[in-house]
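Engineer: Mind looking over this structure? Questions follow.
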Amino acid sequence: MLTIAEKEQIEHEIRQVPVKKAACIEALKIVQGHRRWVSDEGIRDVADILEMSPEEVDSVATFYNLIFRQPVGRHIILLCDSISCYVMGLRALHQQLVQLLGIQYGQTTPDGRFTLLPNPCLGTCDHAPALMVDDDLYRDLSADDLEAILAKYT
Amino acid sequence: MERPLTQHITFPPLGLRQYEAVGGYQAVRKAVRHMEPKDVTALVKEANMRGRGGAGFSTGMKWSFVPMDVPGPKYLVANADEMEPGTFKDRWLLEGNPHQLIEGMIVSAYAIQATESFVFLRWAYKQAAVEIRKAIAEAYDAGYLGKNILGTDYSLEMHLHTGVGRYMCGEETALLNSLEGKRATPRAKPPFPQVSGLFGRPTIVNNVETLSYIPHIVNHGVAWFQSLSRTADGGTKIYGVSGRVNKPGAWELPMGVTMRELIEEHAGGMQNGYRFRGVLPGGASTDFLVEEHMDVQMDFTGVAAAGSRLGTGTMVVLDDRTCPVGFVHNLEHFFSQESCGFCTPCREGLPWTEKLLWAIEQGKGREEDLALLASHATLLGPGNTFCALAPGAMEPLQSALKYFKEDFEQHIKHKKCPYHD
Ligand SMILES: Cc1cc2nc3c(=O)[nH]c(=O)nc-3n(C[C@H](O)[C@H](O)[C@H](O)COP(=O)(O)O)c2cc1C
Ligand code: SF4
Ligand code: FES
């Protein structure tokens, strides 16, 4: 069930667009904003309010890299795996992250603290390699920096 | 040397009053009060402003395809998706001078008489989102946006849309589908978005750097714009260099600077212990250029004559200690993952290409793989797929097969990557 807050926000988005369906991505973002990810139930709820089929909503949800259809951790690590970061030391960074966290790409630490995801070019290639944790961007990284960065997130 | 686009970039960026104090919003005043919409378009066309999003199409020409006499809404969209690997120029403009973009959007929207406008911003640009949102609010408060701008009968709304991550959202018709809440798959053209775009209405999509330039052209005119450049493609351009150079970065320079100036002067040359082997001159979807191209002038014509594309003008350098096969594998991994899956050659061909490259890099390649890769480069090339993603993906591959052939052969012959243990 959508909460009252979710419902109000989605209805606000619906009023911004000429057809209900056009609010689909915004609605998914709202649900994810409240629950960190979008469950099957979330898909059905969004479908109901937008008068779409759940399959149609799911086809939108699964298209985009940053709508999460599985539970994720409290913090999302987006490691840039594109070309400038590759040239500037992505491999070492990745190895160190995997070691510190004990998880692979796409997984969440058992304590629910971090989810590790690869992400295309973060647009800061002149300061490669780079990664983001939630809203925070870290640049010019070396593997030695990672432990201190992770320690900031509980 | 003049640097109109970047001279007022600061972190944090100028607020509205500060931006006005350095001449900001004069172009809006001039355009909406003293110019006909068609005169703005004519000016931009005459300046030969070519789009900075990658394809280099004439901006004024594109606007002139918008039917001006049809009733109902029209739209203008700033393409701030910037997900092309190796490209980081728009981020600078978005975070460093959001009012310049907004002013450019207002003037451009006026030219096509758009009633609504959107900034389509990628998710990862969190700081840019904060700055743009603030700047839009300030522009509304000052009467540059909303109803009856500066007391004229022109009105414009502006919205910030943050994407949910997919390279395809940068392709202009896929971007429109995404703005409509759908999957970001491209649309068949014609009809072109200028005639039937967002919600079936006339729509212009322009790159952030393109739009940020418009106020300067309106303020200073055609002759000035052309005087900034060393070639027939007018203006300055934001160039960038990343990779193993001493001073990676981005600089606004006259259109037509040479690659040598960029790499040796501005980027400070190669780092100690690294030699230059090649470069993607304009992002991940452009053909490699090599040493012999160092004196190529970096404008649309010059780079094309050398066998590549200016693209986004932000280049990635390949050094002699990075494996070219691994480098191209990284690129094809990106394209394969970001393929929207809509048409078969791209959906099937890119993962195949990626796997072949991975096998070669791992020392498991076979001699016939090189011919297979070359055939993919043709089969996924221009004209065989629905949009430009797959042909773009083939540009670095085909040129790597040309310039770094011996590296591919070494991997296959010795059954290992010569660059790592
Ligand atoms: C797969 C793909 C991704 C693209 N990504 C971007 C992008 O992130 N930003 C951009 O401005 N143009 C991008 N483009 C080019 C746009 O389709 C379009 O040509 C451009 O936004 C037009 O702006 P301009 O005329 O100002 O250059 C992309 C094209 C393709 C095929
Ligand atoms: S070329 Fe690739 S990205 Fe473009 S429509 Fe076909 S599948 Fe989609
Ligand atoms: S390639 Fe990593 S930020 Fe661009």
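Labeling convention for the structure tokens: chains A, B, ... as they appear, residues from 1 per chain, ligands from 1 in order of appearance.
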Would you pick out the contacts of Val77 in chain B at 7 Å or less, using only C-alpha atoms, so that residues sharing its chain but fewer than 3 positions from it are not included, and give the list as a PDB file with all heavy atoms, in the first residue's frame?
Structural biologist:
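Printed below is out_20.pdb as written:
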ATOM      1  N   SER B 117       9.957  24.300 -20.799  1.00  0.00           N
ATOM      2  CA  SER B 117      11.324  23.853 -21.030  1.00  0.00           C
ATOM      3  C   SER B 117      11.761  22.932 -19.897  1.00  0.00           C
ATOM      4  O   SER B 117      11.239  23.012 -18.777  1.00  0.00           O
ATOM      5  CB  SER B 117      12.254  25.056 -21.147  1.00  0.00           C
ATOM      6  OG  SER B 117      12.148  25.857 -19.986  1.00  0.00           O
ATOM      7  N   PHE B 118      12.693  22.054 -20.212  1.00  0.00           N
ATOM      8  CA  PHE B 118      13.183  21.059 -19.254  1.00  0.00           C
ATOM      9  C   PHE B 118      14.702  21.001 -19.276  1.00  0.00           C
ATOM     10  O   PHE B 118      15.299  21.090 -20.343  1.00  0.00           O
ATOM     11  CB  PHE B 118      12.682  19.657 -19.614  1.00  0.00           C
ATOM     12  CG  PHE B 118      11.189  19.496 -19.565  1.00  0.00           C
ATOM     13  CD1 PHE B 118      10.407  19.847 -20.662  1.00  0.00           C
ATOM     14  CD2 PHE B 118      10.567  19.009 -18.421  1.00  0.00           C
ATOM     15  CE1 PHE B 118       9.030  19.709 -20.613  1.00  0.00           C
ATOM     16  CE2 PHE B 118       9.190  18.866 -18.369  1.00  0.00           C
ATOM     17  CZ  PHE B 118       8.412  19.214 -19.472  1.00  0.00           C
ATOM     18  N   VAL B 119      15.272  20.823 -18.100  1.00  0.00           N
ATOM     19  CA  VAL B 119      16.673  20.431 -18.040  1.00  0.00           C
ATOM     20  C   VAL B 119      16.663  18.933 -17.730  1.00  0.00           C
ATOM     21  O   VAL B 119      16.178  18.525 -16.664  1.00  0.00           O
ATOM     22  CB  VAL B 119      17.442  21.164 -16.917  1.00  0.00           C
ATOM     23  CG1 VAL B 119      18.905  20.714 -16.883  1.00  0.00           C
ATOM     24  CG2 VAL B 119      17.345  22.673 -17.110  1.00  0.00           C
ATOM     25  N   PHE B 120      17.152  18.122 -18.668  1.00  0.00           N
ATOM     26  CA  PHE B 120      17.208  16.671 -18.436  1.00  0.00           C
ATOM     27  C   PHE B 120      18.592  16.343 -17.890  1.00  0.00           C
ATOM     28  O   PHE B 120      19.566  16.259 -18.630  1.00  0.00           O
ATOM     29  CB  PHE B 120      16.951  15.900 -19.734  1.00  0.00           C
ATOM     30  CG  PHE B 120      16.756  14.416 -19.509  1.00  0.00           C
ATOM     31  CD1 PHE B 120      15.493  13.853 -19.609  1.00  0.00           C
ATOM     32  CD2 PHE B 120      17.820  13.584 -19.195  1.00  0.00           C
ATOM     33  CE1 PHE B 120      15.287  12.486 -19.389  1.00  0.00           C
ATOM     34  CE2 PHE B 120      17.630  12.217 -18.968  1.00  0.00           C
ATOM     35  CZ  PHE B 120      16.364  11.675 -19.076  1.00  0.00           C
ATOM     36  N   ILE B 204      12.688  21.053 -29.391  1.00  0.00           N
ATOM     37  CA  ILE B 204      14.113  21.166 -29.681  1.00  0.00           C
ATOM     38  C   ILE B 204      14.899  20.604 -28.507  1.00  0.00           C
ATOM     39  O   ILE B 204      14.630  20.946 -27.352  1.00  0.00           O
ATOM     40  CB  ILE B 204      14.511  22.649 -29.911  1.00  0.00           C
ATOM     41  CG1 ILE B 204      14.001  23.141 -31.262  1.00  0.00           C
ATOM     42  CG2 ILE B 204      16.016  22.843 -29.788  1.00  0.00           C
ATOM     43  CD1 ILE B 204      14.723  22.558 -32.476  1.00  0.00           C
ATOM     44  N   VAL B 205      15.848  19.728 -28.828  1.00  0.00           N
ATOM     45  CA  VAL B 205      16.777  19.219 -27.817  1.00  0.00           C
ATOM     46  C   VAL B 205      18.159  19.743 -28.170  1.00  0.00           C
ATOM     47  O   VAL B 205      18.625  19.543 -29.292  1.00  0.00           O
ATOM     48  CB  VAL B 205      16.811  17.676 -27.800  1.00  0.00           C
ATOM     49  CG1 VAL B 205      17.793  17.177 -26.726  1.00  0.00           C
ATOM     50  CG2 VAL B 205      15.423  17.091 -27.577  1.00  0.00           C
ATOM     51  N   ASN B 206      18.789  20.425 -27.245  1.00  0.00           N
ATOM     52  CA  ASN B 206      20.149  20.916 -27.464  1.00  0.00           C
ATOM     53  C   ASN B 206      21.035  20.579 -26.271  1.00  0.00           C
ATOM     54  O   ASN B 206      20.575  20.486 -25.137  1.00  0.00           O
ATOM     55  CB  ASN B 206      20.170  22.441 -27.658  1.00  0.00           C
ATOM     56  CG  ASN B 206      19.925  22.872 -29.101  1.00  0.00           C
ATOM     57  OD1 ASN B 206      19.131  23.772 -29.359  1.00  0.00           O
ATOM     58  ND2 ASN B 206      20.597  22.240 -30.041  1.00  0.00           N
TER      59      ASN B 206
END
Engineer: Show me, as a list in words, the residues that have an atom within 6 Å of Gly243 in chain B when counting only C-alpha atoms, minus same-chain residues fewer than 2 positions from it.
Structural biologist: Ser84 of chain A; Val245, Val316 and Val317 of chain B
Engineer: Store the residues of this selection in a file with N, CA and C atoms, as a compact mmCIF listing (two decimals), in the first residue's frame.
Structural biologist:
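Final file, result16.txt:
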# COMPACT_ATOMS: atom_id res chain seq x y z
N SER A 84 38.28 6.32 -18.58
CA SER A 84 39.36 7.11 -17.97
C SER A 84 39.71 6.53 -16.60
N VAL B 245 48.19 11.91 -18.49
CA VAL B 245 48.87 13.16 -18.81
C VAL B 245 49.18 13.87 -17.49
N VAL B 316 40.33 11.06 -24.52
CA VAL B 316 40.91 10.09 -23.59
C VAL B 316 42.19 9.57 -24.22
N VAL B 317 43.29 9.67 -23.46
CA VAL B 317 44.58 9.27 -23.99
C VAL B 317 44.89 7.82 -23.62
Engineer: For chain B, report every residue with an atom at most 9 Å from chain A (counting only C-alpha atoms), formatted as a PyMOL selection string.
Structural biologist: chain B and resi 82-91+123-127+163-167+178-184+199+240-244+247-250+284+316-319+322+327-328+330-331+333-334+338+340
Engineer: Please give me, as number ranges by chain, the residues lying within 12 Å of ligand 2 when counting only C-alpha atoms and all ligand atoms.
Structural biologist: A: 63; B: 166-174, 183-188, 334-351, 379-394
Engineer: Quick one: write out the picked residues with N, CA and C atoms as a compact mmCIF listing (two decimals), in the first residue's frame?
Structural biologist:
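Listing of selection_23.txt after writing:
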# COMPACT_ATOMS: atom_id res chain seq x y z
N PHE A 63 14.27 -0.98 -16.83
CA PHE A 63 15.10 -0.41 -17.90
C PHE A 63 16.22 0.45 -17.33
N ARG B 166 20.82 5.90 -17.67
CA ARG B 166 20.91 5.07 -18.85
C ARG B 166 21.52 5.95 -19.93
N TYR B 167 22.61 5.49 -20.54
CA TYR B 167 23.29 6.26 -21.59
C TYR B 167 22.32 6.67 -22.69
N MET B 168 21.38 5.77 -23.01
CA MET B 168 20.46 6.06 -24.11
C MET B 168 19.65 7.33 -23.89
N CYS B 169 19.49 7.74 -22.62
CA CYS B 169 18.72 8.95 -22.35
C CYS B 169 19.35 10.17 -23.01
N GLY B 170 20.60 10.08 -23.42
CA GLY B 170 21.24 11.19 -24.10
C GLY B 170 20.85 11.29 -25.57
N GLU B 171 20.42 10.20 -26.15
CA GLU B 171 19.99 10.23 -27.56
C GLU B 171 18.68 10.98 -27.60
N GLU B 172 18.56 11.95 -28.50
CA GLU B 172 17.49 12.93 -28.29
C GLU B 172 16.08 12.37 -28.32
N THR B 173 15.81 11.37 -29.17
CA THR B 173 14.43 10.86 -29.20
C THR B 173 14.19 9.91 -28.02
N ALA B 174 15.23 9.18 -27.60
CA ALA B 174 15.10 8.32 -26.41
C ALA B 174 14.89 9.20 -25.18
N ARG B 183 10.34 3.78 -21.31
CA ARG B 183 11.71 3.29 -21.51
C ARG B 183 12.40 4.21 -22.50
N ALA B 184 13.71 4.38 -22.30
CA ALA B 184 14.46 5.28 -23.19
C ALA B 184 14.92 4.52 -24.43
N THR B 185 13.96 4.20 -25.29
CA THR B 185 14.31 3.63 -26.60
C THR B 185 14.14 4.75 -27.63
N PRO B 186 14.94 4.71 -28.70
CA PRO B 186 14.83 5.81 -29.66
C PRO B 186 13.57 5.70 -30.52
N ARG B 187 13.21 6.82 -31.12
CA ARG B 187 12.04 6.85 -32.01
C ARG B 187 12.49 6.89 -33.45
N ALA B 188 11.62 6.40 -34.34
CA ALA B 188 11.91 6.49 -35.78
C ALA B 188 11.85 7.94 -36.22
N PHE B 334 30.92 -1.20 -21.81
CA PHE B 334 30.00 -0.08 -21.58
C PHE B 334 28.87 -0.07 -22.61
N PHE B 335 29.23 -0.11 -23.88
CA PHE B 335 28.20 -0.01 -24.92
C PHE B 335 27.25 -1.20 -24.87
N SER B 336 27.80 -2.37 -24.64
CA SER B 336 26.97 -3.57 -24.59
C SER B 336 25.96 -3.47 -23.44
N GLN B 337 26.44 -3.01 -22.30
CA GLN B 337 25.55 -2.88 -21.15
C GLN B 337 24.51 -1.78 -21.38
N GLU B 338 24.88 -0.74 -22.06
CA GLU B 338 23.97 0.39 -22.22
C GLU B 338 23.09 0.29 -23.47
N SER B 339 23.30 -0.72 -24.32
CA SER B 339 22.41 -0.93 -25.47
C SER B 339 20.98 -1.01 -24.95
N CYS B 340 20.06 -0.36 -25.62
CA CYS B 340 18.69 -0.39 -25.12
C CYS B 340 17.99 -1.69 -25.48
N GLY B 341 18.61 -2.49 -26.35
CA GLY B 341 18.04 -3.80 -26.67
C GLY B 341 16.92 -3.77 -27.68
N PHE B 342 16.69 -2.63 -28.27
CA PHE B 342 15.53 -2.45 -29.14
C PHE B 342 15.72 -3.12 -30.50
N CYS B 343 16.95 -3.08 -31.04
CA CYS B 343 17.16 -3.72 -32.35
C CYS B 343 18.22 -4.82 -32.24
N THR B 344 18.03 -5.87 -33.03
CA THR B 344 18.79 -7.11 -32.84
C THR B 344 20.30 -6.98 -33.08
N PRO B 345 20.75 -6.32 -34.14
CA PRO B 345 22.21 -6.29 -34.36
C PRO B 345 22.96 -5.75 -33.14
N CYS B 346 22.43 -4.72 -32.54
CA CYS B 346 23.08 -4.09 -31.40
C CYS B 346 22.93 -4.96 -30.16
N ARG B 347 21.71 -5.42 -29.90
CA ARG B 347 21.44 -6.22 -28.70
C ARG B 347 22.29 -7.48 -28.68
N GLU B 348 22.42 -8.15 -29.83
CA GLU B 348 23.16 -9.40 -29.90
C GLU B 348 24.64 -9.17 -30.21
N GLY B 349 24.90 -8.21 -31.07
CA GLY B 349 26.25 -8.01 -31.57
C GLY B 349 27.20 -7.42 -30.54
N LEU B 350 26.71 -6.50 -29.73
CA LEU B 350 27.61 -5.87 -28.76
C LEU B 350 28.10 -6.83 -27.67
N PRO B 351 27.21 -7.65 -27.09
CA PRO B 351 27.73 -8.63 -26.12
C PRO B 351 28.71 -9.61 -26.77
N LEU B 379 29.04 -4.82 -39.58
CA LEU B 379 27.63 -5.18 -39.42
C LEU B 379 26.89 -4.27 -38.44
N LEU B 380 27.61 -3.75 -37.46
CA LEU B 380 26.97 -2.84 -36.50
C LEU B 380 27.23 -1.38 -36.88
N GLY B 381 27.82 -1.18 -38.04
CA GLY B 381 28.17 0.18 -38.46
C GLY B 381 26.97 0.99 -38.94
N PRO B 382 27.23 2.18 -39.46
CA PRO B 382 26.16 3.08 -39.85
C PRO B 382 25.15 2.42 -40.81
N GLY B 383 23.88 2.65 -40.55
CA GLY B 383 22.84 2.17 -41.46
C GLY B 383 22.26 0.81 -41.10
N ASN B 384 22.91 0.07 -40.20
CA ASN B 384 22.43 -1.28 -39.90
C ASN B 384 21.69 -1.39 -38.57
N THR B 385 21.68 -0.32 -37.82
CA THR B 385 20.98 -0.37 -36.54
C THR B 385 20.05 0.82 -36.42
N PHE B 386 19.19 0.75 -35.41
CA PHE B 386 18.13 1.75 -35.32
C PHE B 386 18.65 3.12 -34.93
N CYS B 387 19.67 3.15 -34.06
CA CYS B 387 20.19 4.46 -33.67
C CYS B 387 21.70 4.46 -33.74
N ALA B 388 22.31 5.54 -33.30
CA ALA B 388 23.75 5.73 -33.48
C ALA B 388 24.58 5.10 -32.37
N LEU B 389 23.94 4.42 -31.40
CA LEU B 389 24.75 3.84 -30.32
C LEU B 389 25.69 2.76 -30.85
N ALA B 390 25.16 1.82 -31.63
CA ALA B 390 26.00 0.72 -32.10
C ALA B 390 27.10 1.21 -33.06
N PRO B 391 26.77 2.02 -34.06
CA PRO B 391 27.85 2.55 -34.90
C PRO B 391 28.90 3.31 -34.08
N GLY B 392 28.46 4.03 -33.07
CA GLY B 392 29.40 4.74 -32.20
C GLY B 392 30.31 3.76 -31.48
N ALA B 393 29.73 2.66 -31.05
CA ALA B 393 30.50 1.64 -30.34
C ALA B 393 31.57 1.03 -31.23
N MET B 394 31.30 0.99 -32.53
CA MET B 394 32.24 0.35 -33.45
C MET B 394 33.40 1.25 -33.83
Engineer: Given the choices B:Ala21, B:Ile217, B:Leu175, B:Met158, which gets closest to ligand 1 if the distance is worked out from only C-alpha atoms and all ligand atoms?
Structural biologist: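 Answer, going by the shortest atom-to-atom distance: B:Leu175.
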Engineer: Distance CA of Trp63 in chain B-atom 21 (O, counted along the ligand's line) of ligand 1, one decimal place?
Structural biologist: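 Rounded to one decimal, the two atoms are 13.1 Å apart.
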Engineer: B:Arg29, B:Lys38, B:Arg309, B:Lys74: which is nearest Gly53 in chain B, counting only C-alpha atoms?
Structural biologist: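 With only C-alpha atoms as the atom set, the closest residue is B:Arg309.
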Engineer: If we count only C-alpha atoms, what is near range 98-104 of chain B at a cut-off of 6 Å, once residues fewer than 5 positions away on the same chain are taken out, given as a PyMOL selection string?
Structural biologist: chain B and resi 132+135+211-212+214-215
Engineer: To one decimal in Å, tell me the separation between CA of Trp37 in chain A and CA of Ala128 in chain B.
Structural biologist: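 Separation between CA of Trp37 in chain A and CA of Ala128 in chain B: 23.9 Å.
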Engineer: To one decimal in Å, tell me the separation between CA of Arg17 in chain B and CA of Ile106 in chain B.
Structural biologist: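 Value for the CA of Arg17 in chain B-CA of Ile106 in chain B distance: 17.3 Å.
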Engineer: Please determine, counting only C-alpha atoms, which residue among A:Arg91, A:Arg44, A:His12, A:Arg69 has the shortest atom-to-atom distance to Ala130 in chain A.
Structural biologist: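 For Ala130 in chain A, the nearest of the given residues is A:Arg91.
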Engineer: Near Ile76 in chain A, within 7 Å and counting only C-alpha atoms, which residues show up once chain neighbours fewer than 2 positions away are dropped, as a PyMOL selection string?
Structural biologist: chain A and resi 73-74+78+114-116+133-134
Engineer: For Thr115 in chain B, which residue among B:Ala305, B:Met61, B:Val28, B:Leu156 is the nearest when counting only C-alpha atoms?
Structural biologist: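 Distance minimum relative to Thr115 in chain B lands on B:Leu156.
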